[in-house]
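Q: For reference, this is entry-v5.cif, and it has mmCIF, C-alpha atoms.
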data_run
loop_
_atom_site.group_PDB
_atom_site.id
_atom_site.type_symbol
_atom_site.label_atom_id
_atom_site.label_comp_id
_atom_site.auth_asym_id
_atom_site.auth_seq_id
_atom_site.Cartn_x
_atom_site.Cartn_y
_atom_site.Cartn_z
ATOM 1 C CA MET A 1 -2.625 -35.767 -53.660
ATOM 2 C CA LEU A 2 -4.723 -38.141 -51.610
ATOM 3 C CA LEU A 3 -2.258 -37.748 -48.720
ATOM 4 C CA LEU A 4 -2.389 -33.953 -48.925
ATOM 5 C CA GLY A 5 -6.166 -34.083 -49.029
ATOM 6 C CA ALA A 6 -6.282 -36.305 -45.964
ATOM 7 C CA MET A 7 -3.917 -33.974 -44.077
ATOM 8 C CA ALA A 8 -6.063 -30.958 -44.996
ATOM 9 C CA ILE A 9 -9.185 -32.720 -43.772
ATOM 10 C CA GLY A 10 -7.389 -33.700 -40.555
ATOM 11 C CA LEU A 11 -6.190 -30.155 -39.839
ATOM 12 C CA SER A 12 -9.657 -28.809 -40.577
ATOM 13 C CA THR A 13 -11.179 -31.314 -38.151
ATOM 14 C CA MET A 14 -8.670 -30.401 -35.419
ATOM 15 C CA ALA A 15 -9.358 -26.695 -35.879
ATOM 16 C CA GLN A 16 -13.091 -27.307 -35.686
ATOM 17 C CA GLU A 17 -12.654 -29.364 -32.528
ATOM 18 C CA ALA A 18 -10.572 -26.542 -30.976
ATOM 19 C CA VAL A 19 -13.325 -24.038 -31.775
ATOM 20 C CA GLU A 20 -15.970 -26.338 -30.320
ATOM 21 C CA ALA A 21 -13.827 -26.835 -27.189
ATOM 22 C CA SER A 22 -13.427 -23.071 -26.860
ATOM 23 C CA ASP A 23 -17.145 -22.483 -27.289
ATOM 24 C CA SER A 24 -18.010 -25.218 -24.802
ATOM 25 C CA GLY A 25 -15.746 -23.682 -22.154
ATOM 26 C CA VAL A 26 -13.385 -26.627 -21.732
ATOM 27 C CA GLY A 27 -10.281 -25.527 -19.812
ATOM 28 C CA VAL A 28 -7.988 -26.178 -16.871
ATOM 29 C CA ALA A 29 -10.000 -24.385 -14.201
ATOM 30 C CA LYS A 30 -12.255 -26.172 -11.736
ATOM 31 C CA SER A 31 -15.026 -24.108 -10.161
ATOM 32 C CA ILE A 32 -18.074 -24.749 -8.027
ATOM 33 C CA PHE A 33 -19.853 -22.041 -10.031
ATOM 34 C CA ASN A 34 -19.396 -23.751 -13.435
ATOM 35 C CA PRO A 35 -18.983 -20.614 -15.599
ATOM 36 C CA LYS A 36 -19.733 -20.847 -19.324
ATOM 37 C CA TYR A 37 -16.101 -20.231 -20.281
ATOM 38 C CA ASN A 38 -13.070 -21.619 -18.461
ATOM 39 C CA ARG A 39 -9.470 -20.457 -18.315
ATOM 40 C CA PHE A 40 -6.952 -22.334 -20.457
ATOM 41 C CA LYS A 41 -3.886 -21.417 -18.343
ATOM 42 C CA SER A 42 -3.401 -22.693 -14.814
ATOM 43 C CA ASN A 43 -2.478 -20.454 -11.881
ATOM 44 C CA LYS A 44 -0.242 -23.171 -10.421
ATOM 45 C CA GLY A 45 3.302 -21.886 -9.878
ATOM 46 C CA LYS A 46 2.317 -18.218 -10.097
ATOM 47 C CA PHE A 47 2.847 -15.553 -7.438
ATOM 48 C CA PHE A 48 0.532 -12.743 -6.385
ATOM 49 C CA ALA A 49 0.744 -9.610 -4.276
ATOM 50 C CA HIS A 50 -1.838 -7.037 -3.271
ATOM 51 C CA TRP A 51 -1.965 -3.765 -1.362
ATOM 52 C CA GLY A 52 -4.937 -1.794 -0.086
ATOM 53 C CA TYR A 53 -6.778 -0.287 2.865
ATOM 54 C CA ASN A 54 -9.219 -1.436 5.519
ATOM 55 C CA PHE A 55 -11.971 -0.451 7.905
ATOM 56 C CA SER A 56 -12.431 -2.444 11.101
ATOM 57 C CA SER A 57 -14.855 -2.868 13.967
ATOM 58 C CA TYR A 58 -14.427 -4.639 17.298
ATOM 59 C CA ALA A 59 -16.577 -6.505 19.780
ATOM 60 C CA LYS A 60 -16.492 -5.373 23.401
ATOM 61 C CA SER A 61 -13.395 -6.658 25.165
ATOM 62 C CA ASP A 62 -12.361 -7.358 28.765
ATOM 63 C CA ILE A 63 -8.976 -5.776 29.532
ATOM 64 C CA ARG A 64 -7.006 -7.125 32.479
ATOM 65 C CA PHE A 65 -4.317 -4.953 34.138
ATOM 66 C CA GLN A 66 -1.713 -6.566 36.386
ATOM 67 C CA GLY A 67 1.265 -5.420 38.435
ATOM 68 C CA PRO A 68 2.542 -4.923 41.992
ATOM 69 C CA GLY A 69 -0.443 -3.988 44.176
ATOM 70 C CA TYR A 70 -3.174 -4.461 41.563
ATOM 71 C CA ASP A 71 -4.935 -7.049 39.448
ATOM 72 C CA PHE A 72 -8.201 -5.871 37.953
ATOM 73 C CA THR A 73 -10.287 -6.262 34.800
ATOM 74 C CA LEU A 74 -12.358 -3.640 33.013
ATOM 75 C CA LYS A 75 -15.333 -5.518 31.585
ATOM 76 C CA GLY A 76 -16.969 -4.892 28.225
ATOM 77 C CA VAL A 77 -14.689 -2.103 27.007
ATOM 78 C CA LYS A 78 -15.782 -0.486 23.737
ATOM 79 C CA ALA A 79 -13.263 0.442 21.040
ATOM 80 C CA SER A 80 -13.196 1.705 17.443
ATOM 81 C CA ASP A 81 -10.758 1.923 14.551
ATOM 82 C CA ARG A 82 -9.174 5.191 13.394
ATOM 83 C CA PRO A 83 -9.030 5.399 9.585
ATOM 84 C CA THR A 84 -6.996 8.240 8.103
ATOM 85 C CA LYS A 85 -9.106 10.819 6.284
ATOM 86 C CA LEU A 86 -9.092 10.430 2.517
ATOM 87 C CA GLY A 87 -6.321 12.577 1.071
ATOM 88 C CA TRP A 88 -2.812 12.676 -0.344
ATOM 89 C CA THR A 89 -1.514 10.493 2.493
ATOM 90 C CA TYR A 90 -2.824 7.459 0.596
ATOM 91 C CA VAL A 91 -0.639 8.169 -2.464
ATOM 92 C CA ASN A 92 2.374 9.825 -0.805
ATOM 93 C CA PRO A 93 5.168 7.171 -0.908
ATOM 94 C CA ALA A 94 6.712 8.599 2.276
ATOM 95 C CA ARG A 95 3.442 8.234 4.247
ATOM 96 C CA ILE A 96 1.697 5.364 2.480
ATOM 97 C CA THR A 97 1.901 3.124 5.580
ATOM 98 C CA VAL A 98 0.203 5.686 7.852
ATOM 99 C CA PRO A 99 -3.406 4.657 7.029
ATOM 100 C CA GLN A 100 -4.863 1.275 7.961
ATOM 101 C CA PHE A 101 -3.451 -0.981 5.230
ATOM 102 C CA ASN A 102 -3.229 -4.602 4.045
ATOM 103 C CA LEU A 103 -0.216 -6.187 2.353
ATOM 104 C CA HIS A 104 -0.275 -9.822 1.208
ATOM 105 C CA PHE A 105 2.102 -11.930 -0.871
ATOM 106 C CA GLY A 106 1.332 -15.485 -1.993
ATOM 107 C CA TYR A 107 2.063 -18.480 -4.207
ATOM 108 C CA PHE A 108 -0.335 -20.838 -6.001
ATOM 109 C CA ILE A 109 0.379 -24.440 -4.985
ATOM 110 C CA LYS A 110 -2.487 -25.575 -7.260
ATOM 111 C CA ASP A 111 -4.636 -23.816 -9.831
ATOM 112 C CA ASN A 112 -7.214 -22.815 -7.224
ATOM 113 C CA TYR A 113 -5.232 -22.989 -3.948
ATOM 114 C CA SER A 114 -2.583 -20.605 -2.633
ATOM 115 C CA ILE A 115 -0.510 -20.035 0.485
ATOM 116 C CA SER A 116 0.276 -16.488 1.596
ATOM 117 C CA LEU A 117 2.031 -14.195 4.031
ATOM 118 C CA GLY A 118 0.153 -11.111 5.185
ATOM 119 C CA TRP A 119 0.392 -7.966 7.270
ATOM 120 C CA ASP A 120 -2.873 -6.307 8.308
ATOM 121 C CA HIS A 121 -2.229 -2.899 9.850
ATOM 122 C CA MET A 122 -5.418 -2.108 11.759
ATOM 123 C CA LYS A 123 -5.985 0.422 14.526
ATOM 124 C CA TYR A 124 -7.734 -0.147 17.862
ATOM 125 C CA VAL A 125 -8.717 2.802 20.068
ATOM 126 C CA VAL A 126 -10.628 2.507 23.357
ATOM 127 C CA ASP A 127 -13.536 4.955 23.260
ATOM 128 C CA MET A 128 -13.550 7.697 25.875
ATOM 129 C CA PRO A 129 -15.487 8.589 27.922
ATOM 130 C CA GLN A 130 -17.304 5.362 28.773
ATOM 131 C CA THR A 131 -18.624 3.491 31.811
ATOM 132 C CA VAL A 132 -17.281 -0.002 32.513
ATOM 133 C CA GLN A 133 -17.408 -2.537 35.327
ATOM 134 C CA PHE A 134 -14.360 -2.894 37.577
ATOM 135 C CA VAL A 135 -13.623 -6.463 38.758
ATOM 136 C CA GLY A 136 -10.627 -7.184 41.002
ATOM 137 C CA HIS A 137 -8.602 -4.917 43.261
ATOM 138 C CA ALA A 138 -6.082 -2.069 43.252
ATOM 139 C CA ASP A 139 -4.186 -0.638 46.215
ATOM 140 C CA LYS A 140 -4.014 3.102 46.750
ATOM 141 C CA ILE A 141 -0.325 2.961 45.817
ATOM 142 C CA VAL A 142 0.749 0.528 43.095
ATOM 143 C CA SER A 143 3.744 -0.493 40.949
ATOM 144 C CA GLU A 144 7.403 0.110 41.904
ATOM 145 C CA PRO A 145 8.375 2.778 42.687
ATOM 146 C CA GLY A 146 4.887 3.391 43.982
ATOM 147 C CA VAL A 147 2.398 5.744 42.308
ATOM 148 C CA PRO A 148 -1.215 6.634 43.205
ATOM 149 C CA SER A 149 -3.761 4.407 41.445
ATOM 150 C CA GLY A 150 -6.416 7.141 41.302
ATOM 151 C CA ILE A 151 -9.989 6.110 40.492
ATOM 152 C CA PHE A 152 -9.019 2.429 40.466
ATOM 153 C CA GLY A 153 -7.728 2.473 44.043
ATOM 154 C CA ASP A 154 -11.043 3.925 45.216
ATOM 155 C CA ALA A 155 -13.118 1.275 43.402
ATOM 156 C CA LYS A 156 -14.542 -1.876 44.930
ATOM 157 C CA ASP A 157 -14.960 -5.195 43.142
ATOM 158 C CA GLY A 158 -18.068 -4.997 40.942
ATOM 159 C CA ASP A 159 -18.275 -1.191 40.839
ATOM 160 C CA TYR A 160 -19.062 0.656 37.600
ATOM 161 C CA LEU A 161 -16.537 3.385 36.764
ATOM 162 C CA ALA A 162 -17.079 6.405 34.531
ATOM 163 C CA LEU A 163 -13.700 6.688 32.809
ATOM 164 C CA ASP A 164 -12.230 9.538 30.804
ATOM 165 C CA GLU A 165 -8.849 10.226 29.185
ATOM 166 C CA GLY A 166 -7.394 11.290 32.537
ATOM 167 C CA ASP A 167 -8.036 7.827 33.955
ATOM 168 C CA LEU A 168 -7.037 5.664 30.999
ATOM 169 C CA HIS A 169 -5.690 6.117 27.498
ATOM 170 C CA PHE A 170 -5.427 2.820 25.628
ATOM 171 C CA GLU A 171 -4.870 2.196 21.923
ATOM 172 C CA HIS A 172 -3.036 0.038 19.409
ATOM 173 C CA THR A 173 -2.711 2.543 16.593
ATOM 174 C CA ASP A 174 0.691 1.947 15.056
ATOM 175 C CA GLY A 175 -0.874 -0.428 15.111
ATOM 176 C CA TYR A 176 -3.015 -3.463 15.838
ATOM 177 C CA ASN A 177 -0.749 -5.436 13.473
ATOM 178 C CA PHE A 178 -1.726 -8.974 12.474
ATOM 179 C CA ALA A 179 1.137 -10.899 10.784
ATOM 180 C CA THR A 180 -0.331 -14.032 9.217
ATOM 181 C CA VAL A 181 0.237 -17.218 7.282
ATOM 182 C CA GLY A 182 -2.806 -18.198 5.259
ATOM 183 C CA ILE A 183 -4.294 -20.682 2.809
ATOM 184 C CA GLU A 184 -6.841 -19.590 0.194
ATOM 185 C CA ARG A 185 -9.216 -21.284 -2.258
ATOM 186 C CA TYR A 186 -10.414 -19.600 -5.456
ATOM 187 C CA ASP A 187 -13.327 -20.355 -7.775
ATOM 188 C CA ASP A 188 -14.174 -18.667 -11.077
ATOM 189 C CA ILE A 189 -17.621 -17.084 -10.961
ATOM 190 C CA TRP A 190 -17.491 -15.584 -14.464
ATOM 191 C CA VAL A 191 -14.886 -15.706 -17.250
ATOM 192 C CA SER A 192 -15.132 -13.606 -20.402
ATOM 193 C CA GLN A 193 -15.167 -15.362 -23.778
ATOM 194 C CA SER A 194 -11.742 -13.878 -24.524
ATOM 195 C CA ARG A 195 -10.436 -15.262 -21.182
ATOM 196 C CA LYS A 196 -8.878 -11.864 -20.482
ATOM 197 C CA GLN A 197 -11.308 -10.872 -17.717
ATOM 198 C CA SER A 198 -12.849 -12.821 -14.867
ATOM 199 C CA VAL A 199 -14.640 -12.580 -11.543
ATOM 200 C CA ASN A 200 -13.427 -14.972 -8.833
ATOM 201 C CA SER A 201 -14.350 -15.811 -5.267
ATOM 202 C CA GLU A 202 -11.787 -16.228 -2.504
ATOM 203 C CA PHE A 203 -12.167 -18.072 0.797
ATOM 204 C CA GLY A 204 -9.337 -18.469 3.272
ATOM 205 C CA LEU A 205 -8.087 -19.213 6.779
ATOM 206 C CA GLU A 206 -5.219 -17.443 8.541
ATOM 207 C CA GLY A 207 -3.211 -17.681 11.721
ATOM 208 C CA GLY A 208 -0.390 -15.593 13.085
ATOM 209 C CA LEU A 209 1.046 -13.151 15.581
ATOM 210 C CA LEU A 210 -0.141 -9.801 16.929
ATOM 211 C CA ILE A 211 2.661 -7.232 16.911
ATOM 212 C CA PRO A 212 1.120 -4.001 18.218
ATOM 213 C CA ARG A 213 2.653 -0.686 19.006
ATOM 214 C CA SER A 214 0.505 0.240 21.982
ATOM 215 C CA ASP A 215 0.036 3.764 23.295
ATOM 216 C CA VAL A 216 -1.118 3.467 26.926
ATOM 217 C CA ARG A 217 -1.462 5.880 29.857
ATOM 218 C CA LEU A 218 -2.368 4.330 33.220
ATOM 219 C CA PHE A 219 -1.887 5.725 36.759
ATOM 220 C CA GLY A 220 -0.404 8.802 35.085
ATOM 221 C CA LEU A 221 2.365 6.666 33.557
ATOM 222 C CA GLY A 222 2.898 5.256 30.073
ATOM 223 C CA GLU A 223 4.191 5.947 26.606
ATOM 224 C CA ASN A 224 3.869 5.089 22.931
ATOM 225 C CA HIS A 225 5.736 1.793 23.184
ATOM 226 C CA TYR A 226 7.850 0.041 20.587
ATOM 227 C CA TRP A 227 6.435 -2.930 18.688
ATOM 228 C CA ASN A 228 6.370 -6.245 20.535
ATOM 229 C CA ILE A 229 4.935 -9.718 19.997
ATOM 230 C CA ALA A 230 1.914 -9.479 22.256
ATOM 231 C CA GLY A 231 -0.093 -12.559 21.267
ATOM 232 C CA TYR A 232 -1.623 -14.616 18.492
ATOM 233 C CA GLY A 233 -4.780 -14.840 16.432
ATOM 234 C CA PHE A 234 -6.860 -16.718 13.854
ATOM 235 C CA ALA A 235 -9.147 -15.429 11.127
ATOM 236 C CA ALA A 236 -11.449 -16.475 8.271
ATOM 237 C CA LYS A 237 -11.972 -14.391 5.148
ATOM 238 C CA ALA A 238 -14.129 -14.239 2.025
ATOM 239 C CA GLY A 239 -13.855 -11.937 -0.957
ATOM 240 C CA VAL A 240 -14.419 -11.292 -4.659
ATOM 241 C CA GLN A 241 -11.748 -10.469 -7.235
ATOM 242 C CA TYR A 242 -12.288 -8.742 -10.563
ATOM 243 C CA HIS A 243 -9.454 -9.449 -13.014
ATOM 244 C CA PHE A 244 -9.716 -6.598 -15.502
ATOM 245 C CA LEU A 245 -6.338 -7.679 -16.921
ATOM 246 C CA LYS A 246 -4.808 -11.164 -16.829
ATOM 247 C CA TRP A 247 -2.159 -9.889 -14.413
ATOM 248 C CA MET A 248 -4.043 -7.220 -12.419
ATOM 249 C CA TYR A 249 -7.148 -7.317 -10.250
ATOM 250 C CA LEU A 250 -9.270 -5.439 -7.744
ATOM 251 C CA GLN A 251 -10.490 -7.256 -4.646
ATOM 252 C CA GLY A 252 -12.986 -6.555 -1.893
ATOM 253 C CA SER A 253 -12.992 -8.865 1.139
ATOM 254 C CA PHE A 254 -14.422 -9.383 4.594
ATOM 255 C CA LYS A 255 -12.429 -10.940 7.419
ATOM 256 C CA THR A 256 -13.390 -11.889 10.948
ATOM 257 C CA GLY A 257 -11.044 -13.163 13.597
ATOM 258 C CA PHE A 258 -10.110 -13.773 17.210
ATOM 259 C CA THR A 259 -6.909 -12.487 18.808
ATOM 260 C CA ASP A 260 -5.418 -13.152 22.245
ATOM 261 C CA LEU A 261 -2.992 -10.473 23.466
ATOM 262 C CA ASN A 262 -1.319 -11.385 26.764
ATOM 263 C CA LYS A 263 1.744 -9.116 26.777
ATOM 264 C CA ILE A 264 0.493 -5.578 26.254
ATOM 265 C CA ARG A 265 2.862 -2.876 27.478
ATOM 266 C CA THR A 266 1.305 -0.244 29.747
ATOM 267 C CA THR A 267 3.177 1.988 32.211
ATOM 268 C CA GLY A 268 6.612 1.557 30.610
ATOM 269 C CA ARG A 269 7.760 -0.643 33.501
ATOM 270 C CA ASN A 270 7.611 -3.682 31.250
ATOM 271 C CA ASN A 271 9.098 -6.116 33.766
ATOM 272 C CA LEU A 272 6.361 -5.208 36.295
ATOM 273 C CA ASP A 273 3.186 -3.923 34.676
ATOM 274 C CA LYS A 274 1.210 -5.357 31.776
ATOM 275 C CA ALA A 275 -2.257 -5.776 30.317
ATOM 276 C CA SER A 276 -3.992 -8.595 28.445
ATOM 277 C CA GLN A 277 -7.175 -8.901 26.408
ATOM 278 C CA THR A 278 -8.933 -10.944 23.754
ATOM 279 C CA ILE A 279 -10.371 -9.106 20.760
ATOM 280 C CA TRP A 280 -12.896 -10.269 18.169
ATOM 281 C CA PHE A 281 -12.606 -8.126 15.056
ATOM 282 C CA PHE A 282 -14.412 -7.653 11.768
ATOM 283 C CA GLU A 283 -12.456 -6.180 8.862
ATOM 284 C CA ASN A 284 -13.468 -4.949 5.407
ATOM 285 C CA TYR A 285 -10.602 -4.267 2.992
ATOM 286 C CA TRP A 286 -10.117 -3.238 -0.646
ATOM 287 C CA VAL A 287 -6.897 -3.972 -2.505
ATOM 288 C CA LEU A 288 -5.195 -3.710 -5.890
ATOM 289 C CA GLY A 289 -3.455 -6.965 -6.810
ATOM 290 C CA PHE A 290 -0.942 -8.348 -9.276
ATOM 291 C CA ARG A 291 -0.466 -11.934 -10.441
ATOM 292 C CA PHE A 292 2.817 -12.950 -12.072
#
Could you write out this file's structure as structure tokens?
A:
Amino acid sequence: MLLLGAMAIGLSTMAQEAVEASDSGVGVAKSIFNPKYNRFKSNKGKFFAHWGYNFSSYAKSDIRFQGPGYDFTLKGVKASDRPTKLGWTYVNPARITVPQFNLHFGYFIKDNYSISLGWDHMKYVVDMPQTVQFVGHADKIVSEPGVPSGIFGDAKDGDYLALDEGDLHFEHTDGYNFATVGIERYDDIWVSQSRKQSVNSEFGLEGGLLIPRSDVRLFGLGENHYWNIAGYGFAAKAGVQYHFLKWMYLQGSFKTGFTDLNKIRTTGRNNLDKASQTIWFFENYWVLGFRF
């Protein structure tokens, strides 16, 4: 009887300690925000994936055009994104990749660190009309076989040119694709007492390749080219996740980055003519995610 009584007291003490640990928020998670309640299950070894859509903006960019008979730069070119209007396109499985989208897949190497692969499908469209500075030179007849260079052949180094669609059409709309490898850190901001819901911060760094499909018209030549590896880029991101289920979350994030594109296709004479530019971008995206 004494033994049974001692066991009962021991079990009661253990249960009480478990309740006190639960109430005190003791758990596996480490967070700079020190929420009242902590998670009891680690994220280490789990996978995640998320899909959503973005809006982007771009700093002014210098675009350099090179080929037989010409080498000039258009300074301070303005460009915008081209988001698809809200509609059934966003939920039509056959057209779901038409809008500007984000797809990321990752793995937790620690409870609050992950590595990921990503594909950001943004769109970059040079605004027309606009006035830009012309630096460099262009002959009256350029490329091979020769074609008239139009307004560019009449320009002198340092001139300002008023351009319209007839002079230049330049966009990466299918798209300005950023394929990345990233590392992310997460911290719990708030965890519900039931541990079934939480709000988390995300901070990350990414690097990768730019694989645009560029639609360019220059000197009256050009086409909507096939995808090609045109350069590289780096980015930093910050966001907030709301886990409304243990395995599903909504996330809003901001990302800013630098990209260097040095092999942009232009006239279609890819062994002769090309363009290059560096682009600073700012991206806001919203995604639905799954953790498993």
Q: Can you spell out as a VMD selection string the set of residues that the PyMOL selection byres ((chain A and resi 258) around 6) selects in the structure I just provided?
A: chain A and resid 233 to 234 257 259 279 to 280
Q: Which one is closest to A:Thr97: A:His169, A:Lys41, A:Arg217, A:His121? Count only C-alpha atoms.
A: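 The answer is A:His121, which sits nearest to A:Thr97.
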Q: Looking at all atoms listed in the file, which of A:Phe254, A:Phe55, A:Phe178, A:Phe47 is the one that sits closest to A:Gly208?
A: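 Smallest distance to A:Gly208 is found for A:Phe178.
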Q: Selection in question (the file shown): the PyMOL selection byres ((chain A and resi 252) around 7). Which residues does it include, as a VMD selection string?
A: chain A and resid 239 to 241 251 253 285 to 287
Q: How would you write as a ChimeraX atom specification the residues that get within 9 Å of (-2.6, -17.2, 10.3) in the file's frame, counting only C-alpha atoms?
A: /A:117-118,178-183,205-209,232-235
Q: Determine the nearest neighbour of A:Ala230 from the options A:Asp215, A:Glu184, A:Asp260, A:Glu202, counting all atoms listed in the file.
A: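 Under the stated criterion, the closest residue is A:Asp260.
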Q: Counting all atoms listed in the file, which residue out of A:Ile32, A:Leu161, A:Ala155, A:Ala238 sits closest to A:Lys140?
A: A:Ala155
Q: Between A:Thr278, A:Ser198, A:Asn54, A:Asn284, which has the minimum distance to A:Lys246 (counting all atoms listed in the file)?
A: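 Among the listed residues, A:Ser198 lies closest to A:Lys246.
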Q: Once the PyMOL selection byres ((chain A and resi 195) around 9) is applied to the coordinates I shared, what remains selected? I want it as a list in words.
A: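 Written out, the selection comes to Tyr37, Asn38, Arg39, Phe40, Val191, Ser192, Gln193, Ser194, Lys196, Gln197, Ser198 and Lys246 of chain A.
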